[in-house]
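Working notes, beginning with the structure itself.
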Amino acid sequence: DGLLRIQRQAIAEAQLDVSPMIAKLKADCFIKPRMPTSGERGVYWEKRSKSWRVQVTVRGKIIYTTLRASSDPERVEQVRLQALKLRDGLLRIRNQACADTQLNISTAVAKLKADVLIRARAHGKQPRSGEFGVYWQKRHKLWHVRMRIRCQPICVCVTPRNLDAEEIERTRALAIRCRDDLLRIRKRARAEPELNVAPMIAELKARALAGRSS
């Protein structure tokens with residue numbers, strides 16, 4: 001388009017020197033897009049994964065998480081705001097940890113992350129578990145827990161009663177507990193080669209179907 005505009009000008013103005021115009025056009029085309037920046041401490045853009053990284057030190061331990069965005073500027077900005085809310089929450093936890101030495105930081109951070117995820121889903125974002133082995137199945141609108149035990153793929157489905165943000169979060173937590181139960185079964189299966197894991201897996205699936213876990 002830029003070259004076409006220069007061509008039209010050259011046709012209209014026979015004495016026009018097009019060399020500087022072409023050079024400027026080339027320079028403009030090769031200008032690299034600006035890297036997104038949060039403008040806030042503790043929130044950084046990860047170019048490779050196109051994610052915002054939130055990082056805060058609590059009791060000498062680095063607490064961090066990443067919120068995936070995309071190349072779309074609007075989506076990048078939406079996730080940046082979520083990352084800032086998460087950073088602010090982590091700073092509050094840090095202040096609480098200084099005042100209360102008995103505070104369970106892991107529980108507080110997990111709850112904070114869940115709250116941020118609930119708010120994100122309330123705005124129509126695709127649900128994400130944030131945990132390995134637990135995936136949202138878009139087509140059937142359920143949580144899918146996948147694990148291998150004795151080289152056999154084991155799948156457990158956890159289905160929300162509805163698509164309200166709170167229900168999706170409740171079943172996400174249930175799916176994570178099912179994943180943890182499967183990990184315990186797999187550990188026992190490795191330690192006890194003669195262990196019959198089929199009844200244990202069947203019971204786990206039944207609990208998941210009923211919407212409860214151990």
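Just remember, in the structure tokens the first chain shown is A, the second B, etc., residues are 1-based per chain, and ligands are 1-based in the order shown.
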
Worksheet item: Which residues, written as a PyMOL selection string, have at least one atom at most 9 Å from segment 179-190 of chain A, with only C-alpha atoms counted and residues fewer than 4 positions away on the same chain left out?
Response: chain A and resi 132-134+145-150+154+156+174-175+194-197+200-201+204+213-214

Item to complete: Enumerate, as a count of residues only, the complete set of residues in segment 36-164 of chain A that a backbone-based DSSP assignment places in strand (DSSP E or B).
Response: 39

Worksheet item: Can you list, as a PyMOL selection string, every residue of segment 19-167 of chain A that DSSP puts in helix (DSSP H, G or I)?
Response: chain A and resi 19-29+73-99+105-122+165-167

Just-selected residues, C-alpha atoms written as an mmCIF file, in the first residue's frame:
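Saved as part_39.cif:
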```cif
data_model
loop_
_atom_site.group_PDB
_atom_site.id
_atom_site.type_symbol
_atom_site.label_atom_id
_atom_site.label_comp_id
_atom_site.auth_asym_id
_atom_site.auth_seq_id
_atom_site.Cartn_x
_atom_site.Cartn_y
_atom_site.Cartn_z
ATOM 1 C CA SER A 19 14.316 7.508 -2.969
ATOM 2 C CA PRO A 20 13.902 9.133 0.484
ATOM 3 C CA MET A 21 10.231 8.126 0.575
ATOM 4 C CA ILE A 22 11.051 4.486 -0.209
ATOM 5 C CA ALA A 23 13.852 4.460 2.366
ATOM 6 C CA LYS A 24 11.501 5.817 5.050
ATOM 7 C CA LEU A 25 8.844 3.264 4.112
ATOM 8 C CA LYS A 26 11.353 0.418 4.451
ATOM 9 C CA ALA A 27 12.495 1.723 7.842
ATOM 10 C CA ASP A 28 8.907 1.937 9.074
ATOM 11 C CA CYS A 29 8.224 -1.621 7.938
ATOM 12 C CA PRO A 73 -3.227 -6.385 22.268
ATOM 13 C CA GLU A 74 -6.685 -6.350 23.890
ATOM 14 C CA ARG A 75 -6.149 -9.796 25.403
ATOM 15 C CA VAL A 76 -2.650 -8.810 26.571
ATOM 16 C CA GLU A 77 -4.116 -5.830 28.408
ATOM 17 C CA GLN A 78 -6.927 -7.898 29.973
ATOM 18 C CA VAL A 79 -4.447 -10.443 31.331
ATOM 19 C CA ARG A 80 -2.116 -7.645 32.502
ATOM 20 C CA LEU A 81 -4.915 -6.301 34.709
ATOM 21 C CA GLN A 82 -5.518 -9.804 36.101
ATOM 22 C CA ALA A 83 -1.778 -10.122 36.785
ATOM 23 C CA LEU A 84 -1.792 -6.824 38.686
ATOM 24 C CA LYS A 85 -4.694 -8.030 40.842
ATOM 25 C CA LEU A 86 -2.793 -11.222 41.552
ATOM 26 C CA ARG A 87 0.346 -9.228 42.436
ATOM 27 C CA ASP A 88 -1.640 -7.032 44.815
ATOM 28 C CA GLY A 89 -3.093 -10.136 46.454
ATOM 29 C CA LEU A 90 0.383 -11.638 46.903
ATOM 30 C CA LEU A 91 1.582 -8.403 48.498
ATOM 31 C CA ARG A 92 -1.327 -8.581 50.970
ATOM 32 C CA ILE A 93 -0.364 -12.171 51.780
ATOM 33 C CA ARG A 94 3.231 -11.037 52.346
ATOM 34 C CA ASN A 95 2.062 -8.375 54.787
ATOM 35 C CA GLN A 96 -0.160 -10.913 56.580
ATOM 36 C CA ALA A 97 2.754 -13.365 56.762
ATOM 37 C CA CYS A 98 4.884 -10.724 58.488
ATOM 38 C CA ALA A 99 2.168 -10.120 61.086
ATOM 39 C CA ILE A 105 1.172 -19.321 52.819
ATOM 40 C CA SER A 106 0.514 -22.194 50.409
ATOM 41 C CA THR A 107 -3.194 -22.248 51.261
ATOM 42 C CA ALA A 108 -3.500 -18.475 51.029
ATOM 43 C CA VAL A 109 -1.746 -18.374 47.634
ATOM 44 C CA ALA A 110 -3.859 -21.247 46.272
ATOM 45 C CA LYS A 111 -7.061 -19.467 47.329
ATOM 46 C CA LEU A 112 -5.866 -16.221 45.771
ATOM 47 C CA LYS A 113 -5.087 -17.922 42.447
ATOM 48 C CA ALA A 114 -8.514 -19.587 42.483
ATOM 49 C CA ASP A 115 -10.215 -16.228 43.103
ATOM 50 C CA VAL A 116 -8.366 -14.657 40.166
ATOM 51 C CA LEU A 117 -9.344 -17.586 37.940
ATOM 52 C CA ILE A 118 -13.001 -17.237 38.972
ATOM 53 C CA ARG A 119 -13.000 -13.557 38.049
ATOM 54 C CA ALA A 120 -11.366 -14.322 34.704
ATOM 55 C CA ARG A 121 -13.901 -17.021 33.867
ATOM 56 C CA ALA A 122 -16.744 -14.730 34.817
ATOM 57 C CA ALA A 165 -17.850 -19.483 37.564
ATOM 58 C CA GLU A 166 -18.212 -20.788 41.138
ATOM 59 C CA GLU A 167 -19.342 -24.235 39.939
#
```

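Across the structure, atom CA of Arg172 of chain A and atom CA of Ser129 of chain A are spaced 6.3 Å apart.
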
Discussion item. Taking only C-alpha atoms into account, name the residue in A:Leu103, A:Ile63, A:Ala208, A:Val58 that is nearest to Trp143 of chain A.
Written reply: A:Ala208

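Going from atom CA of Tyr44 of chain A over to atom CA of Leu67 of chain A, you cover 10.4 Å.
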
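Put simply, atom CA of Arg139 of chain A is 26.7 Å away from atom CA of Cys151 of chain A.
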